[in-house]
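Asker: One structure, as structure tokens, below. Some questions next.
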Amino acid sequence: MAAAGVSKFGSVNRDLVKLTLEPQTYGVFAHDGNVTQIRETYQAIWNDWFPKSGMSPFEAPGLERHNATFDPRTGN
């Protein structure tokens with residue numbers, strides 16, 4: 001799902017879905033390499049960060065955010 005954050009919903013096209021997420025504490029992780037190396041970042045989060053952090057994952061959507069410098073042509 002591609003999404004946009006909003007503070008409230010207005011009228012929405014019938015083909016779109018409204019999804020409201022409950023407030024939670026989220027871990028935010030940066031991946032600075034090529035998108036082909038994203039697996040290593042996820043492995044580090046699940047295999048290293050979670051066990052060492054004392055935090056527990058909860059059942060909720062994962063969010064991925066691309067910054068303005070991301071180039072989808074090169075994956076960098």
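Naming works like this for the structure tokens: A, B, ... for the chains as they're shown, residue 1 at the start of each chain, ligands 1 onward in shown order.
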Env of segment 55-69 of chain A: 12 Å cut, atoms = only C-alpha atoms, seq-sep filter 2 positions within chain, self excluded. Answer as a compact mmCIF listing (two decimals) with C-alpha atoms, in the first residue's frame.

Answerer:
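What ended up in around.txt:
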# COMPACT_ATOMS: atom_id res chain seq x y z
CA MET A 1 0.00 0.00 0.00
CA ALA A 2 1.31 3.43 -0.83
CA ALA A 3 0.15 5.95 1.73
CA ALA A 4 0.17 9.57 2.75
CA GLY A 5 -0.05 10.78 6.32
CA LEU A 19 -6.40 3.21 7.23
CA THR A 20 -6.20 4.57 10.74
CA LEU A 21 -3.22 3.49 12.83
CA GLU A 22 -3.36 3.63 16.60
CA PRO A 23 -0.55 5.64 18.21
CA GLN A 24 2.42 3.40 19.00
CA THR A 25 6.11 3.66 19.65
CA TYR A 26 7.93 2.90 16.42
CA GLY A 27 11.59 2.10 15.84
CA VAL A 28 12.99 4.12 12.96
CA PHE A 29 15.98 2.69 11.11
CA ALA A 30 18.01 4.18 8.27
CA HIS A 31 19.22 2.14 5.32
CA ASP A 32 21.93 4.06 3.48
CA VAL A 35 18.02 -1.18 -2.13
CA ILE A 38 17.92 -3.92 2.34
CA TYR A 42 16.17 -6.02 8.15
CA ILE A 45 16.95 -5.13 13.06
CA TRP A 46 15.39 -8.52 13.80
CA ASP A 48 20.51 -7.77 16.60
CA TRP A 49 18.48 -4.71 17.53
CA PHE A 50 15.32 -6.36 18.84
CA PRO A 51 17.10 -8.89 21.10
CA LYS A 52 19.44 -6.21 22.51
CA SER A 53 16.82 -3.45 22.86
CA ASP A 71 16.85 7.37 -6.84
CA PRO A 72 14.51 4.56 -7.97
CA ARG A 73 16.50 4.20 -11.22
CA THR A 74 19.70 3.19 -9.45
CA GLY A 75 18.30 1.90 -6.15
CA ASN A 76 20.52 4.31 -4.19

Asker: Would you please give, as a PyMOL selection string, all residues of chain A that DSSP assigns to alpha helix (DSSP H) based on the backbone?

Answerer: chain A and resi 38-44+50-53

Asker: Keeping N, CA, C and O atoms for every residue in the selection just given, could you write it to a file as a PDB file, in the first residue's frame?

Answerer:
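Heads up, here's the output in again.pdb:
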ATOM      1  N   ILE A  38      18.884  -4.182   1.258  1.00  0.00           N
ATOM      2  CA  ILE A  38      17.924  -3.919   2.337  1.00  0.00           C
ATOM      3  C   ILE A  38      17.753  -5.133   3.239  1.00  0.00           C
ATOM      4  O   ILE A  38      17.480  -5.008   4.424  1.00  0.00           O
ATOM      5  N   ARG A  39      17.928  -6.331   2.702  1.00  0.00           N
ATOM      6  CA  ARG A  39      17.794  -7.550   3.504  1.00  0.00           C
ATOM      7  C   ARG A  39      18.743  -7.531   4.697  1.00  0.00           C
ATOM      8  O   ARG A  39      18.370  -7.921   5.797  1.00  0.00           O
ATOM      9  N   GLU A  40      19.961  -7.055   4.492  1.00  0.00           N
ATOM     10  CA  GLU A  40      20.929  -6.990   5.582  1.00  0.00           C
ATOM     11  C   GLU A  40      20.456  -6.042   6.694  1.00  0.00           C
ATOM     12  O   GLU A  40      20.654  -6.309   7.877  1.00  0.00           O
ATOM     13  N   THR A  41      19.824  -4.946   6.313  1.00  0.00           N
ATOM     14  CA  THR A  41      19.300  -4.011   7.306  1.00  0.00           C
ATOM     15  C   THR A  41      18.189  -4.664   8.114  1.00  0.00           C
ATOM     16  O   THR A  41      18.169  -4.580   9.347  1.00  0.00           O
ATOM     17  N   TYR A  42      17.255  -5.338   7.441  1.00  0.00           N
ATOM     18  CA  TYR A  42      16.170  -6.021   8.153  1.00  0.00           C
ATOM     19  C   TYR A  42      16.713  -7.136   9.051  1.00  0.00           C
ATOM     20  O   TYR A  42      16.234  -7.324  10.175  1.00  0.00           O
ATOM     21  N   GLN A  43      17.698  -7.873   8.586  1.00  0.00           N
ATOM     22  CA  GLN A  43      18.298  -8.917   9.416  1.00  0.00           C
ATOM     23  C   GLN A  43      18.932  -8.316  10.668  1.00  0.00           C
ATOM     24  O   GLN A  43      18.809  -8.876  11.758  1.00  0.00           O
ATOM     25  N   ALA A  44      19.605  -7.189  10.535  1.00  0.00           N
ATOM     26  CA  ALA A  44      20.213  -6.537  11.691  1.00  0.00           C
ATOM     27  C   ALA A  44      19.152  -6.065  12.684  1.00  0.00           C
ATOM     28  O   ALA A  44      19.329  -6.179  13.903  1.00  0.00           O
ATOM     29  N   PHE A  50      16.413  -5.937  17.969  1.00  0.00           N
ATOM     30  CA  PHE A  50      15.317  -6.358  18.841  1.00  0.00           C
ATOM     31  C   PHE A  50      15.810  -7.134  20.057  1.00  0.00           C
ATOM     32  O   PHE A  50      15.451  -6.794  21.189  1.00  0.00           O
ATOM     33  N   PRO A  51      16.657  -8.160  19.899  1.00  0.00           N
ATOM     34  CA  PRO A  51      17.105  -8.889  21.096  1.00  0.00           C
ATOM     35  C   PRO A  51      17.862  -8.014  22.100  1.00  0.00           C
ATOM     36  O   PRO A  51      17.725  -8.194  23.306  1.00  0.00           O
ATOM     37  N   LYS A  52      18.640  -7.054  21.606  1.00  0.00           N
ATOM     38  CA  LYS A  52      19.435  -6.211  22.506  1.00  0.00           C
ATOM     39  C   LYS A  52      18.641  -5.048  23.092  1.00  0.00           C
ATOM     40  O   LYS A  52      19.014  -4.512  24.135  1.00  0.00           O
ATOM     41  N   SER A  53      17.561  -4.649  22.446  1.00  0.00           N
ATOM     42  CA  SER A  53      16.822  -3.450  22.861  1.00  0.00           C
ATOM     43  C   SER A  53      15.876  -3.699  24.025  1.00  0.00           C
ATOM     44  O   SER A  53      15.490  -2.754  24.711  1.00  0.00           O
TER      45      SER A  53
END

Asker: Just to confirm, what's the straight-line distance from atom CA of Phe70 of chain A to atom CA of Thr36 of chain A in Å (one decimal)?

Answerer: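 It comes out at 13.1 Å.
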